[in-house]
Amino acid sequence: MQIIQPSAELLGEIDGVAMLRHIERCGRVCYKSEWRTTDDSYAAFVGKIIANGHEAVLEHASVTVRIVCDRGVSHEIVRHRLASYCQESTRYVGYDDIEVICPQGLNEEQFAAWETAMLACEAAYKQMREQGCAPQIARSVLPNALKTELTMTANLREWRHFFRLRLGRGAHPQMREVAAMVLEELRARIPIVFDEF
C-alpha cells in the first residue's frame, strides 16, 4: 500500500487571453457591439459580463483538468452534470498494491486506525484476486480512500459554479483541497474569470 497526495493538472495548451478574446467575440453578438473590439477590450468586456451575471457567455470556452483524488471525492466531482468525465475504472484495472489518499487532520491514533483499515482492504482485495475474482468483483472491498484519476472538461461558467460549491464553508475538506488546486491552476492561466474566488 502506498499513501499519495491529491493533485490537479491542466491538460492541453491554455491561452487564457485567447480564450477571453473568443468569449468577447461571442458575447458582443448579444449587444451588436463588435465594433468596440480592440486588442485589449476583452478584459473590460469579460469583467463586465461577470459583474452583470451574464455568465452564459463564459460557456464558449472550456478547460480539461486531470485530477488525482480519492474515490469519495471523485463521487462529489462527477455530480457536476454540465461537465464531461473519464475516470480510472476499478472494474477493469487490477491492482497489485493499492494507492490511497489519507484524509487531512488525523491525529496519531486516528491515523493508526485508518492505516489498519486500509491494509485490511488491500489484503482482502489481493486475496480475492488470488482466488480468481475479477477486478470488478474484488473491487467491492476497496475503500473510499482509494486513489483514482479522472479528467474533467467543463466550460468556464461550470468551473465557476464548481468553485462556488466546492470551495464553500460546507464543502468536504478533501474536496476543498482538490478544488483549490484546480482554481490555482486556472487563475494562473486565465485572467479575470476566477479573480473573485
# chains A, B, ... in the order shown; residues from 1 in each chain; ligands from 1

$ residues_around --residues "Thr37 of chain A" --least-positions-apart "5" --cutoff "8 Å" --atoms "only C-alpha atoms" --output "ChimeraX atom specification"
/A:24-25,42

$ residues_around --residues "Ile101 of chain A" --least-positions-apart "6" --cutoff "6 Å" --atoms "only C-alpha atoms" --output "VMD selection string"
chain A and resid 3 to 4 70 145 147

$ write_last_selection --atoms "C-alpha atoms" --output "tab-separated table (two decimals), in the first residue's frame"
chain	number	residue	atom	x	y	z
A	3	ILE	CA	-0.17	6.74	0.55
A	4	ILE	CA	-0.14	9.50	-2.07
A	70	ASP	CA	-9.78	9.53	-3.56
A	145	ALA	CA	-9.76	6.38	0.20
A	147	LYS	CA	-6.70	6.83	-5.27

$ atom_distance --atom1 "atom CA of Cys121 of chain A" --atom2 "atom CA of Glu177 of chain A"
24.8 Å

$ atom_distance --atom1 "atom CA of Val68 of chain A" --atom2 "atom CA of Leu11 of chain A"
13.1 Å

$ closest_atom_pairs --of "segment 38-153 of chain A" --to "segment 166-171 of chain A" --cutoff "12 Å" --atoms "only C-alpha atoms" --output "tab-separated table"
residue	atom	partner	partner_atom	distance
A:Val73	CA	A:Arg166	CA	10.5
A:Glu76	CA	A:Arg166	CA	8.9
A:Ile77	CA	A:Arg166	CA	8.7
A:Arg79	CA	A:Arg166	CA	11.3
A:His80	CA	A:Arg166	CA	10.6

$ select_by_dssp --residues "segment 30-162 of chain A" --states "strand (DSSP E or B)" --output "PyMOL selection string"
chain A and resi 62-70+83-87+99-100+146-155

$ write_last_selection --atoms "C-alpha atoms" --output "PDB file, in the first residue's frame"
ATOM      1  CA  SER A  62     -13.689  25.124 -21.785  1.00  0.00           C
ATOM      2  CA  VAL A  63     -10.792  23.583 -19.902  1.00  0.00           C
ATOM      3  CA  THR A  64      -9.786  19.984 -19.155  1.00  0.00           C
ATOM      4  CA  VAL A  65      -8.189  19.080 -15.833  1.00  0.00           C
ATOM      5  CA  ARG A  66      -6.621  15.793 -14.710  1.00  0.00           C
ATOM      6  CA  ILE A  67      -7.402  15.239 -11.037  1.00  0.00           C
ATOM      7  CA  VAL A  68      -5.927  12.672  -8.654  1.00  0.00           C
ATOM      8  CA  CYS A  69      -8.113  12.242  -5.578  1.00  0.00           C
ATOM      9  CA  ASP A  70      -9.785   9.530  -3.563  1.00  0.00           C
ATOM     10  CA  ALA A  83     -19.062  18.529 -17.460  1.00  0.00           C
ATOM     11  CA  SER A  84     -17.526  15.532 -19.213  1.00  0.00           C
ATOM     12  CA  TYR A  85     -15.501  12.877 -17.413  1.00  0.00           C
ATOM     13  CA  CYS A  86     -13.196   9.928 -17.889  1.00  0.00           C
ATOM     14  CA  GLN A  87     -12.270   8.048 -14.709  1.00  0.00           C
ATOM     15  CA  GLU A  99      -2.700   3.628  -3.561  1.00  0.00           C
ATOM     16  CA  VAL A 100      -4.734   5.572  -1.045  1.00  0.00           C
ATOM     17  CA  LEU A 146      -8.560   4.501  -2.908  1.00  0.00           C
ATOM     18  CA  LYS A 147      -6.697   6.829  -5.267  1.00  0.00           C
ATOM     19  CA  THR A 148      -8.434   7.476  -8.548  1.00  0.00           C
ATOM     20  CA  GLU A 149      -7.565   9.573 -11.566  1.00  0.00           C
ATOM     21  CA  LEU A 150     -10.112  11.410 -13.631  1.00  0.00           C
ATOM     22  CA  THR A 151     -10.256  14.026 -16.315  1.00  0.00           C
ATOM     23  CA  MET A 152     -12.938  16.677 -16.185  1.00  0.00           C
ATOM     24  CA  THR A 153     -13.790  19.012 -19.037  1.00  0.00           C
ATOM     25  CA  ALA A 154     -16.107  21.899 -18.317  1.00  0.00           C
ATOM     26  CA  ASN A 155     -16.820  25.310 -19.714  1.00  0.00           C
TER      27      ASN A 155
END

$ residues_around --residues "Asp40 of chain A" --least-positions-apart "5" --cutoff "12 Å" --atoms "only C-alpha atoms" --output "ChimeraX atom specification"
/A:17-18,20-21,24,45-46

$ residues_around --residues "Ala124 of chain A" --least-positions-apart "2" --cutoff "12 Å" --atoms "only C-alpha atoms" --output "list in words"
Tyr95, Asp96, Asp97, Ile98, Ala117, Met118, Leu119, Ala120, Cys121, Glu122, Lys126, Gln127, Met128, Arg129, Glu130, Gln131, Cys133, Ile137, Ala138, Arg139, Ser140, Val141, Leu142 and Pro143 of chain A

$ atom_distance --atom1 "atom CA of Asp15 of chain A" --atom2 "atom CA of Met175 of chain A"
26.6 Å

$ closest_residue --among "A:Ala8, A:Ile49, A:Glu115, A:Cys102" --to "Gly27 of chain A" --atoms "only C-alpha atoms"
A:Ile49

$ select_by_dssp --residues "chain A" --states "helix (DSSP H, G or I)" --output "NGL selection string"
:A and (16-31 or 34-36 or 41-51 or 55-60 or 71-77 or 108-130 or 135-141 or 156-166 or 173-189)

$ residues_around --residues "Phe194 of chain A" --least-positions-apart "6" --cutoff "12 Å" --atoms "only C-alpha atoms" --output "PyMOL selection string"
chain A and resi 16+46-47+50-51+58+156-164+180+182-188

$ write_last_selection --atoms "N, CA, C and O atoms" --output "JSON list (two decimals), in the first residue's frame"
[["chain", "number", "residue", "atom", "x", "y", "z"],
["A", 16, "GLY", "N", -5.08, 31.80, -21.94],
["A", 16, "GLY", "CA", -6.19, 32.49, -21.30],
["A", 16, "GLY", "C", -6.63, 33.75, -22.02],
["A", 16, "GLY", "O", -7.83, 34.02, -22.12],
["A", 46, "VAL", "N", -15.18, 41.06, -20.46],
["A", 46, "VAL", "CA", -15.41, 39.85, -19.66],
["A", 46, "VAL", "C", -15.68, 40.23, -18.21],
["A", 46, "VAL", "O", -16.57, 39.67, -17.56],
["A", 47, "GLY", "N", -14.94, 41.19, -17.68],
["A", 47, "GLY", "CA", -15.19, 41.65, -16.32],
["A", 47, "GLY", "C", -16.62, 42.16, -16.14],
["A", 47, "GLY", "O", -17.28, 41.87, -15.14],
["A", 50, "ILE", "N", -19.30, 39.31, -16.24],
["A", 50, "ILE", "CA", -19.31, 38.58, -14.96],
["A", 50, "ILE", "C", -20.01, 39.42, -13.91],
["A", 50, "ILE", "O", -20.87, 38.92, -13.18],
["A", 51, "ALA", "N", -19.66, 40.69, -13.82],
["A", 51, "ALA", "CA", -20.29, 41.59, -12.84],
["A", 51, "ALA", "C", -21.80, 41.67, -13.05],
["A", 51, "ALA", "O", -22.56, 41.79, -12.08],
["A", 58, "LEU", "N", -19.62, 32.78, -20.87],
["A", 58, "LEU", "CA", -18.43, 32.02, -20.47],
["A", 58, "LEU", "C", -18.48, 30.56, -20.93],
["A", 58, "LEU", "O", -17.48, 29.86, -20.89],
["A", 156, "LEU", "N", -16.12, 27.42, -18.78],
["A", 156, "LEU", "CA", -15.69, 28.31, -17.70],
["A", 156, "LEU", "C", -16.84, 28.67, -16.75],
["A", 156, "LEU", "O", -16.62, 28.86, -15.56],
["A", 157, "ARG", "N", -18.05, 28.73, -17.27],
["A", 157, "ARG", "CA", -19.19, 29.00, -16.39],
["A", 157, "ARG", "C", -19.36, 27.86, -15.39],
["A", 157, "ARG", "O", -19.59, 28.09, -14.20],
["A", 158, "GLU", "N", -19.25, 26.63, -15.86],
["A", 158, "GLU", "CA", -19.40, 25.48, -14.96],
["A", 158, "GLU", "C", -18.25, 25.42, -13.96],
["A", 158, "GLU", "O", -18.47, 25.06, -12.80],
["A", 159, "TRP", "N", -17.04, 25.78, -14.38],
["A", 159, "TRP", "CA", -15.94, 25.81, -13.42],
["A", 159, "TRP", "C", -16.24, 26.82, -12.31],
["A", 159, "TRP", "O", -15.96, 26.58, -11.14],
["A", 160, "ARG", "N", -16.82, 27.97, -12.67],
["A", 160, "ARG", "CA", -17.18, 28.95, -11.64],
["A", 160, "ARG", "C", -18.22, 28.36, -10.68],
["A", 160, "ARG", "O", -18.12, 28.53, -9.46],
["A", 161, "HIS", "N", -19.20, 27.67, -11.21],
["A", 161, "HIS", "CA", -20.21, 27.01, -10.38],
["A", 161, "HIS", "C", -19.54, 25.97, -9.47],
["A", 161, "HIS", "O", -19.85, 25.88, -8.27],
["A", 162, "PHE", "N", -18.64, 25.18, -10.04],
["A", 162, "PHE", "CA", -17.89, 24.17, -9.29],
["A", 162, "PHE", "C", -17.19, 24.82, -8.09],
["A", 162, "PHE", "O", -17.28, 24.33, -6.96],
["A", 163, "PHE", "N", -16.51, 25.93, -8.31],
["A", 163, "PHE", "CA", -15.78, 26.59, -7.22],
["A", 163, "PHE", "C", -16.72, 27.18, -6.18],
["A", 163, "PHE", "O", -16.41, 27.15, -4.99],
["A", 164, "ARG", "N", -17.86, 27.72, -6.61],
["A", 164, "ARG", "CA", -18.82, 28.26, -5.64],
["A", 164, "ARG", "C", -19.24, 27.18, -4.65],
["A", 164, "ARG", "O", -19.37, 27.42, -3.46],
["A", 180, "ALA", "N", -9.27, 23.79, -4.63],
["A", 180, "ALA", "CA", -8.30, 24.88, -4.51],
["A", 180, "ALA", "C", -7.12, 24.66, -5.46],
["A", 180, "ALA", "O", -6.60, 25.62, -6.03],
["A", 182, "VAL", "N", -7.23, 23.08, -8.38],
["A", 182, "VAL", "CA", -7.72, 23.39, -9.73],
["A", 182, "VAL", "C", -7.83, 24.90, -9.91],
["A", 182, "VAL", "O", -7.39, 25.45, -10.93],
["A", 183, "LEU", "N", -8.40, 25.57, -8.92],
["A", 183, "LEU", "CA", -8.54, 27.03, -9.00],
["A", 183, "LEU", "C", -7.19, 27.71, -9.18],
["A", 183, "LEU", "O", -7.04, 28.61, -10.01],
["A", 184, "GLU", "N", -6.20, 27.28, -8.43],
["A", 184, "GLU", "CA", -4.86, 27.87, -8.53],
["A", 184, "GLU", "C", -4.32, 27.74, -9.96],
["A", 184, "GLU", "O", -3.76, 28.69, -10.51],
["A", 185, "GLU", "N", -4.52, 26.58, -10.56],
["A", 185, "GLU", "CA", -4.06, 26.36, -11.94],
["A", 185, "GLU", "C", -4.81, 27.28, -12.92],
["A", 185, "GLU", "O", -4.20, 27.87, -13.81],
["A", 186, "LEU", "N", -6.12, 27.37, -12.76],
["A", 186, "LEU", "CA", -6.91, 28.19, -13.69],
["A", 186, "LEU", "C", -6.62, 29.68, -13.52],
["A", 186, "LEU", "O", -6.51, 30.40, -14.51],
["A", 187, "ARG", "N", -6.49, 30.13, -12.29],
["A", 187, "ARG", "CA", -6.19, 31.55, -12.06],
["A", 187, "ARG", "C", -4.84, 31.95, -12.64],
["A", 187, "ARG", "O", -4.66, 33.07, -13.09],
["A", 188, "ALA", "N", -3.90, 31.01, -12.63],
["A", 188, "ALA", "CA", -2.57, 31.32, -13.16],
["A", 188, "ALA", "C", -2.58, 31.49, -14.68],
["A", 188, "ALA", "O", -1.70, 32.16, -15.23]]
